[in-house]
Every structure is written in structure tokens, then in C-alpha cells.
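Student: Input structure: input_29.txt, which contains compact mmCIF, C-alpha atoms and all ligand atoms.
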# COMPACT_ATOMS: atom_id res chain seq x y z
CA MET A 1 19.61 -23.34 14.05
CA TRP A 2 15.99 -24.53 14.32
CA ARG A 3 16.55 -25.44 17.98
CA LEU A 4 17.74 -21.88 18.65
CA ALA A 5 14.75 -20.43 16.76
CA ASP A 6 12.39 -22.64 18.81
CA ALA A 7 14.05 -21.59 22.09
CA ILE A 8 13.69 -17.92 21.14
CA GLN A 9 10.05 -18.50 20.19
CA GLN A 10 9.35 -20.09 23.58
CA MET A 11 10.99 -17.16 25.37
CA ILE A 12 8.84 -14.71 23.41
CA GLU A 13 5.66 -16.68 24.20
CA ARG A 14 6.58 -16.92 27.90
CA HIS A 15 7.78 -13.37 28.58
CA GLY A 16 6.34 -11.27 25.76
CA ALA A 17 8.19 -9.66 22.86
CA ASP A 18 8.62 -6.25 24.49
CA THR A 19 10.29 -7.73 27.58
CA ILE A 20 12.72 -9.70 25.41
CA CYS A 21 13.59 -6.51 23.50
CA ARG A 22 14.05 -4.53 26.72
CA VAL A 23 16.52 -7.08 28.13
CA LEU A 24 18.50 -7.47 24.91
CA GLU A 25 18.51 -3.86 23.68
CA PRO A 26 21.57 -2.74 25.76
CA MET A 27 23.61 -5.48 24.05
CA LEU A 28 23.00 -4.11 20.55
CA THR A 29 24.55 -1.03 19.02
CA PRO A 30 22.15 1.75 17.94
CA ALA A 31 23.21 1.09 14.33
CA ARG A 32 22.19 -2.59 14.62
CA ILE A 33 18.84 -1.70 16.13
CA ALA A 34 18.24 0.89 13.41
CA ARG A 35 19.06 -1.71 10.75
CA ILE A 36 16.63 -4.22 12.27
CA ASP A 37 13.90 -1.56 12.41
CA THR A 38 14.53 -0.54 8.80
CA VAL A 39 14.19 -4.15 7.59
CA LEU A 40 11.08 -4.67 9.74
CA ALA A 41 9.49 -1.56 8.25
CA ALA A 42 9.92 -3.01 4.75
CA ARG A 43 8.67 -6.55 5.55
CA LEU A 44 5.67 -7.70 3.50
CA GLN A 45 3.40 -10.31 5.02
CA SER A 46 0.82 -10.09 2.23
CA VAL A 47 3.01 -11.62 -0.51
CA ILE A 48 4.13 -15.24 -0.14
CA THR A 49 6.35 -17.57 -2.17
CA ILE A 50 5.38 -21.25 -2.47
CA VAL A 51 7.68 -23.91 -3.95
CA GLU A 52 6.65 -27.48 -4.66
CA ASP A 53 9.01 -30.46 -4.52
CA THR A 54 12.26 -28.57 -5.13
CA TYR A 55 15.09 -31.11 -5.37
CA ASP A 56 18.15 -28.99 -6.14
CA PRO A 57 19.62 -27.60 -2.87
CA ARG A 58 21.08 -24.63 -4.75
CA ASN A 59 17.65 -23.70 -6.12
CA ALA A 60 16.18 -24.19 -2.63
CA ALA A 61 18.82 -21.91 -1.14
CA ALA A 62 18.46 -19.28 -3.86
CA THR A 63 14.69 -19.28 -3.30
CA ILE A 64 15.14 -18.61 0.43
CA ARG A 65 17.70 -15.90 -0.23
CA THR A 66 15.58 -14.17 -2.88
CA THR A 67 12.41 -14.33 -0.78
CA GLU A 68 14.21 -12.75 2.18
CA ALA A 69 16.05 -10.17 0.08
CA ILE A 70 12.81 -8.99 -1.53
CA GLY A 71 11.48 -8.47 2.00
CA LEU A 72 8.85 -11.22 2.14
CA HIS A 73 7.99 -12.71 5.52
CA GLU A 74 6.90 -16.23 4.52
CA LEU A 75 8.03 -19.07 2.29
CA HIS A 76 5.83 -22.16 1.93
CA VAL A 77 7.58 -25.36 1.04
CA ILE A 78 5.67 -28.38 -0.33
CA GLU A 79 7.52 -31.64 0.31
CA PRO A 80 5.62 -34.54 -1.29
CA HIS A 81 8.75 -36.47 -2.27
CA GLN A 82 11.94 -34.88 -1.04
CA ARG A 83 12.76 -32.69 1.89
CA PHE A 84 13.44 -29.09 0.91
CA SER A 85 17.12 -28.94 1.72
CA ALA A 86 19.03 -25.73 1.09
CA SER A 87 22.71 -25.41 0.43
CA GLY A 88 24.08 -23.27 3.31
CA GLY A 89 26.72 -21.47 1.25
CA VAL A 90 24.04 -20.06 -1.04
CA THR A 91 21.49 -18.88 1.56
CA LEU A 92 24.17 -16.83 3.38
CA GLY A 93 22.03 -17.18 6.53
CA ALA A 94 18.88 -15.75 4.88
CA HIS A 95 16.76 -18.61 6.30
CA LYS A 96 17.10 -17.09 9.80
CA TRP A 97 15.09 -14.02 8.88
CA ILE A 98 12.06 -15.56 7.18
CA THR A 99 9.30 -17.89 8.37
CA MET A 100 9.09 -21.21 6.56
CA ALA A 101 5.92 -23.33 6.56
CA ARG A 102 6.25 -26.95 5.43
CA TRP A 103 3.35 -28.89 3.88
CA PRO A 104 3.07 -32.43 2.47
CA ARG A 105 0.73 -31.37 -0.36
CA ALA A 106 0.29 -28.11 -2.25
CA GLU A 107 -3.48 -28.12 -1.79
CA GLU A 108 -3.10 -27.86 1.99
CA SER A 109 -0.94 -24.75 1.71
CA VAL A 110 -3.28 -23.19 -0.86
CA PHE A 111 -6.41 -23.83 1.21
CA ALA A 112 -4.76 -22.51 4.39
CA LEU A 113 -3.64 -19.37 2.60
CA ARG A 114 -7.05 -18.84 1.03
CA ALA A 115 -8.61 -19.07 4.49
CA ARG A 116 -6.24 -16.23 5.49
CA GLY A 117 -7.52 -14.07 2.61
CA PHE A 118 -4.84 -14.83 0.01
CA ARG A 119 -5.40 -15.57 -3.64
CA VAL A 120 -2.90 -18.09 -4.96
CA PHE A 121 -1.50 -18.28 -8.50
CA ALA A 122 0.35 -21.11 -10.20
CA THR A 123 3.26 -20.23 -12.47
CA LEU A 124 3.24 -22.02 -15.80
CA PRO A 125 5.54 -21.33 -18.74
CA GLY A 126 3.37 -20.16 -21.66
CA ALA A 127 0.22 -19.44 -19.57
CA ALA A 128 -2.27 -17.13 -21.29
CA HIS A 129 -2.08 -14.56 -18.47
CA THR A 130 1.15 -13.04 -17.18
CA ILE A 131 2.44 -12.12 -13.77
CA ASP A 132 1.44 -8.51 -14.51
CA ASP A 133 -2.22 -9.55 -14.83
CA VAL A 134 -2.32 -10.66 -11.17
CA ASP A 135 -4.62 -8.43 -9.11
CA VAL A 136 -2.45 -7.27 -6.23
CA THR A 137 -5.15 -5.40 -4.33
CA THR A 138 -5.55 -8.45 -2.04
CA PRO A 139 -2.83 -10.57 -0.38
CA VAL A 140 -1.28 -12.86 -2.96
CA ALA A 141 0.81 -16.04 -3.00
CA VAL A 142 2.60 -17.45 -6.04
CA ALA A 143 3.46 -21.15 -6.50
CA PHE A 144 6.46 -22.52 -8.39
CA GLY A 145 6.97 -26.09 -9.57
CA ASN A 146 9.86 -28.44 -9.53
CA GLU A 147 12.86 -28.14 -11.80
CA ARG A 148 12.00 -31.08 -14.05
CA ASP A 149 8.22 -31.51 -14.10
CA GLY A 150 6.86 -28.11 -13.06
CA LEU A 151 3.83 -27.85 -10.76
CA THR A 152 1.65 -30.92 -10.20
CA GLU A 153 -1.82 -30.98 -11.78
CA SER A 154 -3.40 -31.00 -8.31
CA ALA A 155 -1.44 -27.90 -7.28
CA ILE A 156 -2.49 -26.04 -10.43
CA ALA A 157 -6.13 -27.10 -9.93
CA ALA A 158 -6.10 -25.82 -6.33
CA CYS A 159 -4.86 -22.36 -7.38
CA ASP A 160 -7.00 -19.38 -8.44
CA GLY A 161 -5.35 -19.17 -11.86
CA ALA A 162 -2.13 -19.70 -13.78
CA VAL A 163 0.29 -17.01 -14.91
CA GLY A 164 3.50 -16.96 -16.90
CA VAL A 165 6.63 -14.86 -16.97
CA PRO A 166 6.95 -13.70 -20.59
CA MET A 167 9.79 -15.27 -22.60
CA TYR A 168 10.98 -14.14 -26.02
CA GLY A 169 13.80 -16.54 -26.87
CA PHE A 170 13.96 -20.16 -28.04
CA THR A 171 14.27 -21.43 -24.44
CA GLU A 172 10.96 -22.73 -23.09
CA SER A 173 11.33 -22.08 -19.37
CA PHE A 174 13.50 -20.18 -16.91
CA ASN A 175 15.46 -21.87 -14.17
CA LEU A 176 13.28 -22.25 -11.04
CA SER A 177 15.13 -19.83 -8.76
CA VAL A 178 15.46 -17.28 -11.56
CA THR A 179 11.68 -17.39 -12.02
CA VAL A 180 11.14 -16.91 -8.29
CA ALA A 181 13.33 -13.79 -8.44
CA LEU A 182 11.69 -12.39 -11.59
CA ALA A 183 8.11 -13.06 -10.52
CA MET A 184 8.28 -12.26 -6.80
CA SER A 185 10.23 -9.03 -7.20
CA ARG A 186 7.63 -7.87 -9.72
CA ILE A 187 4.63 -8.93 -7.59
CA ALA A 188 6.14 -7.43 -4.43
CA ALA A 189 6.83 -4.11 -6.18
CA ARG A 190 3.28 -3.99 -7.52
CA ARG A 191 1.79 -4.92 -4.12
CA ARG A 192 3.89 -2.22 -2.38
CA ALA A 193 2.63 0.33 -4.91
CA ALA A 194 -0.98 -0.86 -4.45
CA ILE A 195 -0.93 -0.59 -0.64
CA GLY A 196 1.14 2.60 -0.70
CA THR A 197 3.75 1.39 1.79
CA THR A 198 6.91 -0.72 1.67
CA GLY A 199 6.02 -3.04 4.54
CA ASP A 200 2.76 -4.28 6.06
CA LEU A 201 3.53 -6.37 9.17
CA ASP A 202 0.76 -6.17 11.73
CA ASP A 203 1.84 -4.73 15.06
CA GLU A 204 1.92 -8.01 17.02
CA LEU A 205 3.96 -9.82 14.38
CA ARG A 206 6.34 -6.86 14.03
CA ARG A 207 7.02 -6.89 17.79
CA LYS A 208 7.56 -10.65 17.88
CA LEU A 209 9.91 -10.52 14.90
CA ARG A 210 11.82 -7.64 16.47
CA ALA A 211 12.37 -9.72 19.62
CA ARG A 212 13.39 -12.76 17.55
CA TRP A 213 15.84 -10.76 15.45
CA PHE A 214 17.34 -9.09 18.53
CA ALA A 215 17.95 -12.56 19.98
CA LEU A 216 19.39 -13.89 16.72
CA LYS A 217 21.87 -11.00 16.56
CA ILE A 218 23.28 -11.68 20.04
CA ARG A 219 25.53 -14.64 20.73
CA GLY A 220 24.26 -16.50 23.80
CA ALA A 221 20.96 -14.58 23.90
CA ILE A 222 19.03 -17.51 25.36
CA GLY A 223 21.45 -17.83 28.29
CA ILE A 224 21.27 -14.08 28.92
CA LEU A 225 17.47 -14.19 28.92
CA GLU A 226 17.38 -17.25 31.21
CA ARG A 227 19.65 -15.53 33.73
CA THR A 228 17.80 -12.22 33.59
CA LEU A 229 14.13 -13.21 33.51
C1 LIG A 301 12.39 -25.29 -15.00
S1 LIG A 301 10.74 -24.90 -14.76
C2 LIG A 301 9.90 -26.45 -15.05
C3 LIG A 301 9.64 -26.65 -16.47
C4 LIG A 301 8.62 -27.74 -16.69
N1 LIG A 301 9.08 -28.56 -17.76
C5 LIG A 301 7.29 -27.10 -17.04
O1 LIG A 301 6.90 -27.14 -18.18
O2 LIG A 301 6.63 -26.58 -16.13
C6 LIG A 301 10.55 -24.80 -13.01
C7 LIG A 301 9.46 -23.85 -12.56
O3 LIG A 301 9.86 -22.53 -12.87
C8 LIG A 301 8.69 -21.77 -13.17
N2 LIG A 301 8.84 -21.21 -14.51
C9 LIG A 301 9.93 -21.31 -15.32
N3 LIG A 301 9.76 -20.55 -16.41
C10 LIG A 301 8.56 -19.95 -16.30
C11 LIG A 301 7.82 -19.04 -17.11
N4 LIG A 301 8.29 -18.57 -18.25
N5 LIG A 301 6.61 -18.65 -16.65
C12 LIG A 301 6.10 -19.09 -15.49
N6 LIG A 301 6.76 -19.96 -14.70
C13 LIG A 301 7.96 -20.39 -15.08
C14 LIG A 301 7.49 -22.67 -13.01
O4 LIG A 301 7.02 -22.56 -11.69
C15 LIG A 301 8.11 -24.03 -13.21
O5 LIG A 301 7.35 -25.02 -12.57
Let me see the file written as C-alpha cells.

Tutor:
Amino acid sequence: MWRLADAIQQMIERHGADTICRVLEPMLTPARIARIDTVLAARLQSVITIVEDTYDPRNAAATIRTTEAIGLHELHVIEPHQRFSASGGVTLGAHKWITMARWPRAEESVFALRARGFRVFATLPGAAHTIDDVDVTTPVAVAFGNERDGLTESAIAACDGAVGVPMYGFTESFNLSVTVALAMSRIAARRRAAIGTTGDLDDELRRKLRARWFALKIRGAIGILERTL
């Protein structure tokens, strides 16, 4: 899968996104193209999920699936100890449609995102502030910790603040992937309301993604492009 994604990426870099779309468009039904354009129009690049040291492949997969289903473009994965490995049956192919960035340490992801204009919040059960206190008028990323130990101290220290998802029962924390769903759907909805639009891809990224998704929808797209271009 990653080899295919890399090959598509190289084609886009070499020939340009619009050329790739022009060659592949006749091989897609109008309904498929309309569906791709609808999903692109709702893609948010200004809200990002970060997960640190996830060890359960089902949680990893559910995180990918939720991030994609909410319409987020990026998932950052911190892998200090174990590789983020998702269980294929649970992602249902969702990994194809998002961009994953892998980092060895949370601080590196946080600093890179801050340099891009994001503010980054740690999630901590019982934090004094809640997910609804997050200011969504700027791009925002939210970090989630591992199933057993939560976020590392260094990850929390690197973030701009810590927020919790309110709980009212005896249980002290939600399951990781459940928290990702609860928090990111709430943040994404608030961000969409704040910017007054469902999606916010910049034009260049939208065109590149369109070309990538066209290619992913067509069996043998790389061969077709190699023969045509
Ligand atoms: C199962 S919890 C880890 C619990 C860990 N013992 C702790 O105290 O952080 C896994 C992750 O889900 C998120 N999480 C779970 N419940 C949460 C809540 N109520 N508020 C904020 N984050 C929560 C956090 O990111 C946490 O690191």
C-alpha cells in the first residue's frame, strides 16, 4: 500500500496533479468523481490528531478510521517504543485517505506543528480545563497518550495546555480510541463553526489529493499513467 502511495506521489510531483486527473478522469464514473469532490470539500487540514506510543492495533486502527471519518487530513503518530501498527480489518481502508506523519518523540511533532501555526493540547483525564475550553480560532492539534500510562511528561510539557473530556461515572478514563472520537469530533465541529466552512484544504493540497484519490480508486492507475505520459 505504501509503495503504491509513493508511486502515485512521484507521478504527481513529476507530471503535476491536474495532468494526472485529466488522464484518469475518463476511467471514473461521474458519481465517483462527485463523491471524491464532496469528501475533498469537507477535508479539514487545520485540525490534527496526535497519538503517542499506541500499542493496541485495534486502537491504532480505530484512531485512523475515526480521524478519516471526521474529515481530518493528518494523523501524527509518535513511536518511541513500538511501531504504530493498525489492524486492517478495523481501518476498513481508511488509512489510504489520510496523511500519516511518524515521529520518534512527541516534542518533535509538537514543535513542527507549532512552526506551522498550530496550538497543541494534551488530553489528560481530570484536567482542570475541558475540550470545550480550547480556542479553535487558530489551527489546533490534540495529543492522546498510550492505553496504559497516558501521555509522557515530556509530551505534556511540550504542549500549550492540557484538557480533559468530562466524565461523570466511577470510571477514571475512557478507552483511547473512544476519547479520540469524542474529542476530535467535538473540536472539528467547533473549528468548522469558527471558520464558517466544512473544509479548509488549500488549493494546491486539494489538487494533489484529488489526483492521489483518483489514482487510488483505479486499479492499475500507475501502469495507465506510465503508458500515457
Ligand atoms: C486509557 S487512557 C490512559 C489512562 C492513564 N492511566 C492516564 O491516567 O492518563 C488513554 C488516553 O486516552 C485519553 N483519555 C482517556 N480518558 C480521558 C479523559 N476523560 N479526558 C482526557 N483524555 C482522556 C488520554 O489521552 C489518555 O492518555

Student: Under the rule that only C-alpha atoms are counted, which of A:Arg114, A:Arg3, A:Arg148, A:Arg210 is the nearest residue to Tyr55 in chain A?

Tutor: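 With only C-alpha atoms as the atom set, the closest residue is A:Arg148.
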
Student: Taking all atoms listed in the file into account, name the residue in A:Ala181, A:Ile98, A:Val136, A:Leu72 that is nearest to ligand LIG 301 (chain A).

Tutor: A:Ala181

Student: Between CA of Thr137 in chain A and CA of Ala112 in chain A, measure the distance and give it in Å to one decimal.

Tutor: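 For CA of Thr137 in chain A relative to CA of Ala112 in chain A, the distance reads 19.2 Å.
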
Student: Using all atoms listed in the file, which of A:Val178, A:Leu75, A:Val120, A:Leu201 sits nearest ligand LIG 301 (chain A)?

Tutor: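 Result for the nearest residue to ligand LIG 301 (chain A): A:Val178.
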
Student: Residues of chain A within 10 Å of ligand LIG 301 (chain A): nearest atom pair and distance (Å, one decimal) for each, counting only C-alpha atoms and all ligand atoms, sorted by chain and number, as a tab-separated table?

Tutor:
residue	atom	partner	partner_atom	distance
A:Ile50	CA	A:LIG301	O4	9.5
A:Val51	CA	A:LIG301	O4	7.9
A:Glu52	CA	A:LIG301	O5	8.3
A:Asp53	CA	A:LIG301	O5	9.9
A:Thr54	CA	A:LIG301	C6	8.9
A:Asn59	CA	A:LIG301	C6	10.0
A:Ala122	CA	A:LIG301	O4	7.0
A:Thr123	CA	A:LIG301	N6	4.2
A:Leu124	CA	A:LIG301	C12	4.1
A:Pro125	CA	A:LIG301	N5	3.6
A:Gly126	CA	A:LIG301	N5	6.2
A:Ala127	CA	A:LIG301	N5	7.1
A:His129	CA	A:LIG301	N5	9.8
A:Thr130	CA	A:LIG301	N5	7.8
A:Ile131	CA	A:LIG301	C12	8.1
A:Val142	CA	A:LIG301	O4	8.8
A:Ala143	CA	A:LIG301	O4	6.4
A:Phe144	CA	A:LIG301	O4	3.3
A:Gly145	CA	A:LIG301	O5	3.2
A:Asn146	CA	A:LIG301	C6	5.1
A:Glu147	CA	A:LIG301	C6	4.2
A:Arg148	CA	A:LIG301	C2	5.2
A:Asp149	CA	A:LIG301	C4	4.6
A:Gly150	CA	A:LIG301	O5	3.2
A:Leu151	CA	A:LIG301	O5	4.9
A:Thr152	CA	A:LIG301	O5	8.5
A:Ala162	CA	A:LIG301	C12	8.4
A:Val163	CA	A:LIG301	C12	6.2
A:Gly164	CA	A:LIG301	N5	3.5
A:Val165	CA	A:LIG301	N5	3.8
A:Pro166	CA	A:LIG301	N4	5.6
A:Met167	CA	A:LIG301	N4	5.7
A:Tyr168	CA	A:LIG301	N4	9.3
A:Thr171	CA	A:LIG301	N4	9.1
A:Glu172	CA	A:LIG301	N4	6.9
A:Ser173	CA	A:LIG301	N3	3.7
A:Phe174	CA	A:LIG301	N3	3.8
A:Asn175	CA	A:LIG301	C1	4.7
A:Leu176	CA	A:LIG301	O3	3.9
A:Ser177	CA	A:LIG301	O3	7.2
A:Val178	CA	A:LIG301	O3	7.8
A:Thr179	CA	A:LIG301	N2	5.4
A:Val180	CA	A:LIG301	C8	7.3
A:Leu182	CA	A:LIG301	C10	9.4
A:Ala183	CA	A:LIG301	C12	8.1

Student: Could you tell me how far CA of Ala211 in chain A sits from CA of Ala189 in chain A, in Å to one decimal place?

Tutor: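 Atom-to-atom, CA of Ala189 in chain A to CA of Ala211 in chain A, that is 27.0 Å.
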
Student: Near Asp56 in chain A, counting all atoms listed in the file, which residues have an atom at most 8 Å away, once you skip same-chain residues fewer than 4 positions from it, shown as a PyMOL selection string?

Tutor: chain A and resi 60+85-86+147

Student: Write a file of the selected residues as a compact mmCIF listing (two decimals), keeping the file's coordinate frame, keeping C-alpha atoms.

Tutor:
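So again_12.txt came out as:
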# COMPACT_ATOMS: atom_id res chain seq x y z
CA ALA A 60 16.18 -24.19 -2.63
CA SER A 85 17.12 -28.94 1.72
CA ALA A 86 19.03 -25.73 1.09
CA GLU A 147 12.86 -28.14 -11.80

Student: Pick from A:Thr29, A:Thr38, A:Ser87, A:Thr63: nearest to Ile218 in chain A, with all atoms listed in the file counted?

Tutor: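 Closest to Ile218 in chain A, using all atoms listed in the file: A:Thr29.
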
Student: One decimal, in Å: what's the spacing between CA of Pro57 in chain A and CA of Gln82 in chain A?

Tutor: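 Computing the Euclidean distance for CA of Pro57 in chain A and CA of Gln82 in chain A yields 10.7 Å.
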
Student: Considering only C-alpha atoms, can you say which of A:Thr99, A:Ser46, A:Gln10, A:Thr67 comes closest to Ile195 in chain A?

Tutor: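 With only C-alpha atoms as the atom set, the closest residue is A:Ser46.
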
Student: With all atoms listed in the file as the basis for distance, which of A:Ser154, A:Gln9, A:Ser185, A:Thr198 is at the shortest distance from Val39 in chain A?

Tutor: A:Thr198

Student: May I have the residues within 10 Å of Ala94 in chain A as a ChimeraX atom specification, using all atoms listed in the file and disregarding those fewer than 5 positions away in the same chain?

Tutor: /A:61-69,88

Student: Please produce, as a Markdown table, a per-residue contact table for range 66-147 of chain A versus range 157-161 of chain A (criterion: any atom at most 8 Å away, all atoms listed in the file considered), showing the nearest atom pair and its distance in Å to one decimal, sorted by chain then residue number.

Tutor:
| residue | atom | partner | partner_atom | distance |
| --- | --- | --- | --- | --- |
| A:Ala106 | CA | A:Ala158 | CA | 7.9 |
| A:Glu107 | CA | A:Ala158 | CA | 5.7 |
| A:Val110 | CA | A:Ala158 | CA | 6.7 |
| A:Phe111 | CA | A:Ala158 | CA | 7.8 |
| A:Arg119 | CA | A:Asp160 | CA | 6.3 |
| A:Val120 | CA | A:Cys159 | CA | 5.3 |
| A:Phe121 | CA | A:Gly161 | CA | 5.2 |
| A:Ala122 | CA | A:Cys159 | CA | 6.1 |

Student: What's the 12 Å shell around Ala7 in chain A, counting only C-alpha atoms, without same-chain residues fewer than 2 positions away, as a ChimeraX atom specification?

Tutor: /A:1-5,9-14,212,215-216,220-223,225-226

Student: For range 128-145 of chain A, I'd like the enclosing box, axis-aligned and padded by 8 Å on every side, reported as JSON with centre and edge lengths in Å to one decimal.

Tutor:
{"center_x": 0.7, "center_y": -15.7, "center_z": -10.8, "size_x": 28.5, "size_y": 36.7, "size_z": 36.9}

Student: Can you patch up range 184-198 of chain A, filling it in to N, CA and C atoms, and show the result as a PDB file, in the coordinates of the input?

Tutor:
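Listed below is the output, rebuild-v1.pdb:
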ATOM      1  N   MET A 184       8.591 -12.800  -8.128  1.00  0.00           N
ATOM      2  CA  MET A 184       8.280 -12.260  -6.800  1.00  0.00           C
ATOM      3  C   MET A 184       8.735 -10.813  -6.653  1.00  0.00           C
ATOM      4  N   SER A 185       9.828 -10.436  -7.328  1.00  0.00           N
ATOM      5  CA  SER A 185      10.230  -9.030  -7.200  1.00  0.00           C
ATOM      6  C   SER A 185       9.191  -8.145  -7.897  1.00  0.00           C
ATOM      7  N   ARG A 186       8.653  -8.639  -8.989  1.00  0.00           N
ATOM      8  CA  ARG A 186       7.630  -7.870  -9.720  1.00  0.00           C
ATOM      9  C   ARG A 186       6.321  -7.779  -8.899  1.00  0.00           C
ATOM     10  N   ILE A 187       5.877  -8.911  -8.382  1.00  0.00           N
ATOM     11  CA  ILE A 187       4.630  -8.930  -7.590  1.00  0.00           C
ATOM     12  C   ILE A 187       4.784  -8.075  -6.334  1.00  0.00           C
ATOM     13  N   ALA A 188       5.932  -8.204  -5.666  1.00  0.00           N
ATOM     14  CA  ALA A 188       6.140  -7.430  -4.430  1.00  0.00           C
ATOM     15  C   ALA A 188       6.139  -5.938  -4.731  1.00  0.00           C
ATOM     16  N   ALA A 189       6.795  -5.546  -5.826  1.00  0.00           N
ATOM     17  CA  ALA A 189       6.830  -4.110  -6.180  1.00  0.00           C
ATOM     18  C   ALA A 189       5.414  -3.606  -6.471  1.00  0.00           C
ATOM     19  N   ARG A 190       4.643  -4.417  -7.183  1.00  0.00           N
ATOM     20  CA  ARG A 190       3.280  -3.990  -7.520  1.00  0.00           C
ATOM     21  C   ARG A 190       2.398  -3.943  -6.267  1.00  0.00           C
ATOM     22  N   ARG A 191       2.568  -4.913  -5.375  1.00  0.00           N
ATOM     23  CA  ARG A 191       1.790  -4.920  -4.120  1.00  0.00           C
ATOM     24  C   ARG A 191       2.163  -3.706  -3.272  1.00  0.00           C
ATOM     25  N   ARG A 192       3.468  -3.391  -3.179  1.00  0.00           N
ATOM     26  CA  ARG A 192       3.890  -2.220  -2.380  1.00  0.00           C
ATOM     27  C   ARG A 192       3.262  -0.946  -2.960  1.00  0.00           C
ATOM     28  N   ALA A 193       3.236  -0.862  -4.288  1.00  0.00           N
ATOM     29  CA  ALA A 193       2.630   0.330  -4.910  1.00  0.00           C
ATOM     30  C   ALA A 193       1.128   0.365  -4.620  1.00  0.00           C
ATOM     31  N   ALA A 194       0.479  -0.811  -4.649  1.00  0.00           N
ATOM     32  CA  ALA A 194      -0.980  -0.860  -4.450  1.00  0.00           C
ATOM     33  C   ALA A 194      -1.360  -0.482  -3.020  1.00  0.00           C
ATOM     34  N   ILE A 195      -0.548  -0.904  -2.034  1.00  0.00           N
ATOM     35  CA  ILE A 195      -0.930  -0.590  -0.640  1.00  0.00           C
ATOM     36  C   ILE A 195      -0.306   0.727  -0.180  1.00  0.00           C
ATOM     37  N   GLY A 196       0.582   1.287  -0.999  1.00  0.00           N
ATOM     38  CA  GLY A 196       1.140   2.600  -0.700  1.00  0.00           C
ATOM     39  C   GLY A 196       2.144   2.611   0.439  1.00  0.00           C
ATOM     40  N   THR A 197       2.735   1.448   0.734  1.00  0.00           N
ATOM     41  CA  THR A 197       3.750   1.390   1.790  1.00  0.00           C
ATOM     42  C   THR A 197       4.696   0.216   1.480  1.00  0.00           C
ATOM     43  N   THR A 198       5.922   0.317   1.987  1.00  0.00           N
ATOM     44  CA  THR A 198       6.910  -0.720   1.670  1.00  0.00           C
ATOM     45  C   THR A 198       6.660  -1.995   2.446  1.00  0.00           C
TER      46      THR A 198
END
